[in-house]
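Everything below belongs to upload_3.cif, which stores mmCIF, C-alpha atoms and all ligand atoms.
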data_start
#
loop_
_atom_site.label_atom_id
_atom_site.label_comp_id
_atom_site.auth_asym_id
_atom_site.auth_seq_id
_atom_site.Cartn_x
_atom_site.Cartn_y
_atom_site.Cartn_z
CA MET A 1 31.87 20.55 -12.02
CA SER A 2 32.20 23.64 -9.82
CA LYS A 3 35.63 24.52 -8.43
CA TYR A 4 33.86 24.34 -5.09
CA PRO A 5 32.25 20.90 -4.92
CA ILE A 6 29.97 19.59 -2.19
CA ILE A 7 31.59 16.50 -0.73
CA ILE A 8 29.72 14.11 1.55
CA PHE A 9 30.97 11.34 3.85
CA GLU A 10 28.60 8.46 4.53
CA GLY A 11 28.64 5.04 6.16
CA ILE A 12 27.42 3.15 9.20
CA GLU A 13 28.85 3.40 12.72
CA ALA A 14 32.51 2.43 13.06
CA SER A 15 33.01 2.29 9.29
CA GLY A 16 35.80 4.87 9.35
CA LYS A 17 33.59 7.65 7.98
CA THR A 18 34.66 10.35 10.43
CA THR A 19 38.35 9.43 10.06
CA ASN A 20 37.94 9.77 6.29
CA PHE A 21 36.23 13.12 6.75
CA LYS A 22 39.22 14.31 8.82
CA ILE A 23 41.69 13.08 6.19
CA ALA A 24 39.90 15.21 3.59
CA ALA A 25 39.64 18.28 5.84
CA ASN A 26 43.35 18.06 6.77
CA TYR A 27 44.31 17.74 3.13
CA LEU A 28 42.27 20.80 2.11
CA LYS A 29 43.78 22.76 5.00
CA LYS A 30 47.29 21.77 3.94
CA ARG A 31 46.54 22.86 0.37
CA LYS A 32 45.15 26.15 1.76
CA LYS A 33 41.81 25.57 0.06
CA SER A 34 38.81 27.54 1.12
CA PHE A 35 36.26 25.18 2.66
CA VAL A 36 33.57 24.83 5.30
CA LYS A 37 32.83 21.64 7.17
CA LEU A 38 29.81 20.50 9.07
CA ARG A 39 28.21 17.35 10.38
CA GLU A 40 24.70 15.99 10.51
CA PRO A 41 23.01 15.63 12.85
CA GLY A 42 24.55 18.87 14.06
CA GLY A 43 26.16 21.73 12.15
CA SER A 44 24.64 25.13 12.91
CA ILE A 45 24.30 26.22 16.55
CA PHE A 46 20.65 25.20 16.64
CA SER A 47 21.30 21.93 14.80
CA GLU A 48 23.93 20.94 17.39
CA LYS A 49 21.21 21.31 20.04
CA ILE A 50 18.98 19.02 17.99
CA ARG A 51 21.86 16.53 17.71
CA LYS A 52 22.00 16.32 21.50
CA LEU A 53 18.27 15.55 21.61
CA ILE A 54 18.41 12.88 18.90
CA LEU A 55 21.39 11.06 20.36
CA ASN A 56 20.39 11.33 24.03
CA LYS A 57 20.10 7.73 25.21
CA LYS A 58 17.76 8.71 28.04
CA LEU A 59 15.11 9.79 25.54
CA SER A 60 12.77 7.48 23.73
CA LEU A 61 11.61 9.16 20.51
CA ASN A 62 9.64 7.48 17.78
CA ASN A 63 11.07 7.08 14.29
CA LYS A 64 8.88 9.81 12.79
CA THR A 65 9.97 12.29 15.45
CA ASP A 66 13.60 11.45 14.68
CA LEU A 67 13.00 11.94 10.95
CA LEU A 68 11.54 15.40 11.54
CA LEU A 69 14.35 16.34 13.90
CA PHE A 70 16.97 15.35 11.32
CA TYR A 71 15.18 17.55 8.79
CA ALA A 72 14.79 20.45 11.23
CA GLY A 73 18.57 20.43 11.70
CA ARG A 74 19.17 20.05 7.96
CA SER A 75 16.88 22.95 7.18
CA GLU A 76 18.89 25.25 9.46
CA ASN A 77 22.17 24.02 7.95
CA PHE A 78 20.87 24.52 4.46
CA GLU A 79 19.59 28.04 5.04
CA LYS A 80 22.41 29.28 7.29
CA ILE A 81 25.55 27.47 6.11
CA ILE A 82 25.15 25.62 2.83
CA LYS A 83 23.38 28.26 0.73
CA LYS A 84 25.77 30.96 1.94
CA ASN A 85 28.85 28.99 0.91
CA TYR A 86 27.54 27.20 -2.17
CA LYS A 87 29.90 27.83 -5.13
CA LYS A 88 32.06 30.09 -2.94
CA LYS A 89 33.78 27.46 -0.84
CA ILE A 90 34.23 23.70 -0.91
CA ILE A 91 31.60 22.18 1.41
CA LEU A 92 32.43 19.01 3.37
CA ILE A 93 29.54 17.32 5.17
CA ASP A 94 29.81 14.38 7.55
CA ARG A 95 26.45 12.70 6.65
CA PHE A 96 23.63 14.17 4.60
CA THR A 97 20.43 13.00 2.88
CA ASP A 98 21.75 9.49 2.07
CA SER A 99 21.94 8.88 5.82
CA THR A 100 18.22 9.59 6.05
CA ILE A 101 17.42 7.19 3.23
CA ALA A 102 19.74 4.50 4.61
CA TYR A 103 18.72 4.77 8.30
CA GLN A 104 15.11 6.01 8.24
CA HIS A 105 13.98 4.17 5.11
CA TYR A 106 16.11 1.02 4.79
CA GLY A 107 16.69 0.71 8.54
CA MET A 108 13.42 1.95 10.04
CA LYS A 109 11.05 1.37 7.13
CA ILE A 110 9.77 4.93 6.80
CA ASP A 111 8.18 5.43 3.38
CA LEU A 112 10.79 6.63 0.87
CA LYS A 113 8.20 8.94 -0.70
CA VAL A 114 7.95 10.91 2.56
CA ILE A 115 11.74 11.32 2.72
CA LYS A 116 11.92 12.40 -0.93
CA MET A 117 9.12 14.89 -0.33
CA LEU A 118 10.95 16.36 2.69
CA ASN A 119 14.16 16.52 0.65
CA LYS A 120 12.46 18.48 -2.08
CA PHE A 121 10.85 20.78 0.48
CA ILE A 122 14.02 21.49 2.46
CA ILE A 123 16.88 21.37 -0.07
CA GLY A 124 15.11 21.58 -3.46
CA ASN A 125 17.41 20.44 -6.26
CA PHE A 126 20.61 20.84 -4.29
CA ASN A 127 22.76 17.84 -5.10
CA PRO A 128 26.16 16.84 -3.69
CA ASN A 129 28.91 16.21 -6.24
CA ILE A 130 30.70 13.32 -4.60
CA VAL A 131 30.05 10.89 -1.77
CA PHE A 132 32.76 8.91 0.00
CA LEU A 133 30.97 5.83 1.31
CA SER A 134 32.78 3.88 4.03
CA THR A 135 31.95 0.24 4.71
CA VAL A 136 32.79 -2.20 7.50
CA ASN A 137 31.97 -5.87 8.07
CA SER A 138 29.79 -7.06 10.98
CA LYS A 139 32.72 -8.52 12.93
CA ASN A 140 34.72 -5.30 12.92
CA LEU A 141 31.60 -3.22 13.53
CA GLN A 142 30.83 -5.21 16.69
CA LYS A 143 34.45 -5.05 17.84
CA ARG A 144 34.71 -1.30 17.27
CA LEU A 145 31.38 -0.54 18.97
CA ARG A 146 32.43 -2.64 21.97
CA ASN A 147 35.58 -0.54 22.28
CA ARG A 148 33.71 2.77 22.30
CA SER A 149 33.73 4.28 25.76
CA LYS A 150 30.53 6.31 25.26
CA LEU A 151 27.59 4.94 23.32
CA ASN A 152 24.77 7.22 22.14
CA ARG A 153 21.18 6.24 21.25
CA TYR A 154 22.15 5.44 17.67
CA ASP A 155 25.10 3.25 18.70
CA LYS A 156 22.80 0.84 20.50
CA PHE A 157 20.82 -0.83 17.74
CA LYS A 158 21.08 -4.55 17.06
CA ILE A 159 23.68 -5.60 14.46
CA LYS A 160 20.81 -6.63 12.18
CA PHE A 161 19.76 -2.98 11.98
CA TYR A 162 23.22 -1.79 10.89
CA ASN A 163 23.33 -4.58 8.30
CA LYS A 164 20.05 -3.30 6.86
CA VAL A 165 21.39 0.26 6.79
CA GLN A 166 24.64 -0.77 5.10
CA ASN A 167 22.67 -2.79 2.59
CA GLY A 168 20.58 0.36 2.01
CA TYR A 169 23.73 2.34 1.23
CA GLU A 170 24.72 -0.40 -1.21
CA ILE A 171 21.37 -0.02 -3.02
CA ILE A 172 21.59 3.79 -3.02
CA SER A 173 25.12 3.80 -4.49
CA ARG A 174 24.88 0.88 -6.94
CA ASN A 175 26.24 1.77 -10.39
CA LYS A 176 26.53 5.46 -9.55
CA SER A 177 29.88 7.06 -10.29
CA LYS A 178 29.50 9.82 -7.72
CA TYR A 179 29.98 7.27 -4.91
CA ILE A 180 33.54 6.36 -3.96
CA LYS A 181 33.46 3.24 -1.81
CA ILE A 182 36.08 2.79 0.87
CA ASN A 183 36.27 -0.61 2.53
CA SER A 184 37.77 -0.20 5.98
CA ASN A 185 38.41 -3.95 6.29
CA THR A 186 40.55 -4.42 3.22
CA ASN A 187 42.29 -1.04 2.93
CA THR A 188 45.11 0.14 5.18
CA ILE A 189 44.91 3.69 6.46
CA ASN A 190 47.56 4.73 3.90
CA GLU A 191 45.54 3.19 1.09
CA VAL A 192 42.43 5.01 2.31
CA LYS A 193 44.36 8.31 2.37
CA LYS A 194 45.51 7.68 -1.19
CA ILE A 195 41.96 7.00 -2.43
CA ILE A 196 40.61 10.18 -0.82
CA ILE A 197 43.48 12.47 -1.82
CA ASN A 198 43.61 11.19 -5.41
CA LYS A 199 39.93 11.93 -5.79
CA LEU A 200 40.19 15.36 -4.17
CA GLU A 201 43.14 16.28 -6.41
CA LYS A 202 40.98 15.59 -9.44
CA LEU A 203 38.04 17.50 -8.02
CA ILE A 204 39.57 20.80 -6.88
P1 LIG B 301 27.24 10.30 13.73
O1 LIG B 301 27.58 9.49 14.93
O2 LIG B 301 27.90 9.85 12.49
O3 LIG B 301 27.43 11.76 13.96
O4 LIG B 301 25.66 10.11 13.45
C1 LIG B 301 24.72 9.96 14.45
C2 LIG B 301 23.64 9.01 14.03
O5 LIG B 301 22.60 9.69 13.32
C3 LIG B 301 24.08 7.86 13.14
O6 LIG B 301 23.67 6.65 13.75
C4 LIG B 301 23.29 8.03 11.88
C5 LIG B 301 22.09 8.81 12.32
N1 LIG B 301 21.44 9.59 11.26
C6 LIG B 301 20.19 9.18 10.79
O7 LIG B 301 19.65 8.17 11.25
N2 LIG B 301 19.58 9.94 9.83
C7 LIG B 301 20.13 11.08 9.32
O8 LIG B 301 19.53 11.72 8.44
C8 LIG B 301 21.43 11.48 9.81
C9 LIG B 301 22.06 12.73 9.27
C10 LIG B 301 22.03 10.71 10.77
#
Write out the structure in this file as structure tokens.
Ligand code: TMP
Amino acid sequence: MSKYPIIIFEGIEASGKTTNFKIAANYLKKRKKSFVKLREPGGSIFSEKIRKLILNKKLSLNNKTDLLLFYAGRSENFEKIIKKNYKKKIILIDRFTDSTIAYQHYGMKIDLKVIKMLNKFIIGNFNPNIVFLSTVNSKNLQKRLRNRSKLNRYDKFKIKFYNKVQNGYEIISRNKSKYIKINSNTNTINEVKKIIINKLEKLI
């Protein structure tokens, strides 16, 4: 594996994904490793504008429009950030193509063939090395979403939708060693840190 792996963080809302992303970024910073970080939706300047559109709760966009917006943002990230840093720096991404498969296919029932075709078109054979997948149970998901002061358009689905998405992640990751699962219900924050740092130490 390259000295500069591509590391992805995935999981449904309130699963601890972004906290885990920050743990990894802080660790790399402390070790003075050369890395870039980005999030999806978002990332490049243009992609952050698209993020605002997608998550704006005043807008009502159909699922196909959302899919194309996610890919428009990804295309900019790929051309302007990822390609430039590939094999030169470690790349940390908060959500990537597995989010599209989990949310747009397993959650919204968009044909997987369409998503795979868009993947091929936009990112070719580019393939992340490792995916930290965070999970949360329905009870904690509901509790954590209730405690959020600001909810965006994607925080407002019914619990059934998030269950479908999480189940999608389970299918995507089943029996694949590149996925490191982190259960936010059963692991303490120190245990989570240990899992992430142990893996990063082996990777870099
Ligand atoms: P975030 O809150 O983790 O930044 O993500 C915003 C929402 O965007 C989250 O509900 C997941 C969703 N999303 C998709 O539905 N498809 C995608 O391809 C990506 C990258 C995110």
Please report, as JSON lines, each residue of chain A lying at most 7 Å from ligand LIG 301 (chain B), together with the nearest pair of atoms and the separation in Å rounded to one decimal; use only C-alpha atoms and all ligand atoms, and order rows by chain and ascending residue number.
{"residue": "A:Ile12", "atom": "CA", "partner": "B:LIG301", "partner_atom": "O6", "distance": 6.9}
{"residue": "A:Glu13", "atom": "CA", "partner": "B:LIG301", "partner_atom": "O6", "distance": 6.2}
{"residue": "A:Arg39", "atom": "CA", "partner": "B:LIG301", "partner_atom": "O3", "distance": 6.7}
{"residue": "A:Glu40", "atom": "CA", "partner": "B:LIG301", "partner_atom": "C9", "distance": 4.4}
{"residue": "A:Pro41", "atom": "CA", "partner": "B:LIG301", "partner_atom": "C9", "distance": 4.7}
{"residue": "A:Leu55", "atom": "CA", "partner": "B:LIG301", "partner_atom": "C1", "distance": 6.9}
{"residue": "A:Leu67", "atom": "CA", "partner": "B:LIG301", "partner_atom": "N2", "distance": 7.0}
{"residue": "A:Phe70", "atom": "CA", "partner": "B:LIG301", "partner_atom": "O8", "distance": 5.3}
{"residue": "A:Asp94", "atom": "CA", "partner": "B:LIG301", "partner_atom": "O2", "distance": 7.0}
{"residue": "A:Arg95", "atom": "CA", "partner": "B:LIG301", "partner_atom": "C9", "distance": 5.1}
{"residue": "A:Phe96", "atom": "CA", "partner": "B:LIG301", "partner_atom": "C9", "distance": 5.1}
{"residue": "A:Thr97", "atom": "CA", "partner": "B:LIG301", "partner_atom": "O8", "distance": 5.8}
{"residue": "A:Ser99", "atom": "CA", "partner": "B:LIG301", "partner_atom": "C7", "distance": 4.5}
{"residue": "A:Thr100", "atom": "CA", "partner": "B:LIG301", "partner_atom": "O8", "distance": 3.5}
{"residue": "A:Tyr103", "atom": "CA", "partner": "B:LIG301", "partner_atom": "O7", "distance": 4.6}
{"residue": "A:Gln104", "atom": "CA", "partner": "B:LIG301", "partner_atom": "O7", "distance": 5.9}
{"residue": "A:Tyr154", "atom": "CA", "partner": "B:LIG301", "partner_atom": "O6", "distance": 4.4}
{"residue": "A:Asp155", "atom": "CA", "partner": "B:LIG301", "partner_atom": "O6", "distance": 6.2}
| request: Between A:Leu38, A:Ile204, A:Lys33, A:Asn85, single out the one closest to Phe9 of chain A, counting all atoms listed in the file. | output: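 Of A:Leu38, A:Ile204, A:Lys33, A:Asn85, the one nearest Phe9 of chain A is A:Leu38, counting all atoms listed in the file.
Relative to atom CA of Asn127 of chain A, atom CA of Leu200 of chain A is found at 17.6 Å.
Closest approach to Ile8 of chain A among A:Arg144, A:Arg153, A:Lys181, A:Lys49: A:Lys181, based on only C-alpha atoms.
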| said: If I take atom CA of Ile50 of chain A and atom CA of Ile93 of chain A, how far is one from the other in Å, to one decimal? | reply: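 For atom CA of Ile50 of chain A relative to atom CA of Ile93 of chain A, the distance reads 16.7 Å.
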| Which is closest to Ile81 of chain A among A:Asp111, A:Lys64, A:Phe35, A:Ile195, if we use only C-alpha atoms? | A:Phe35
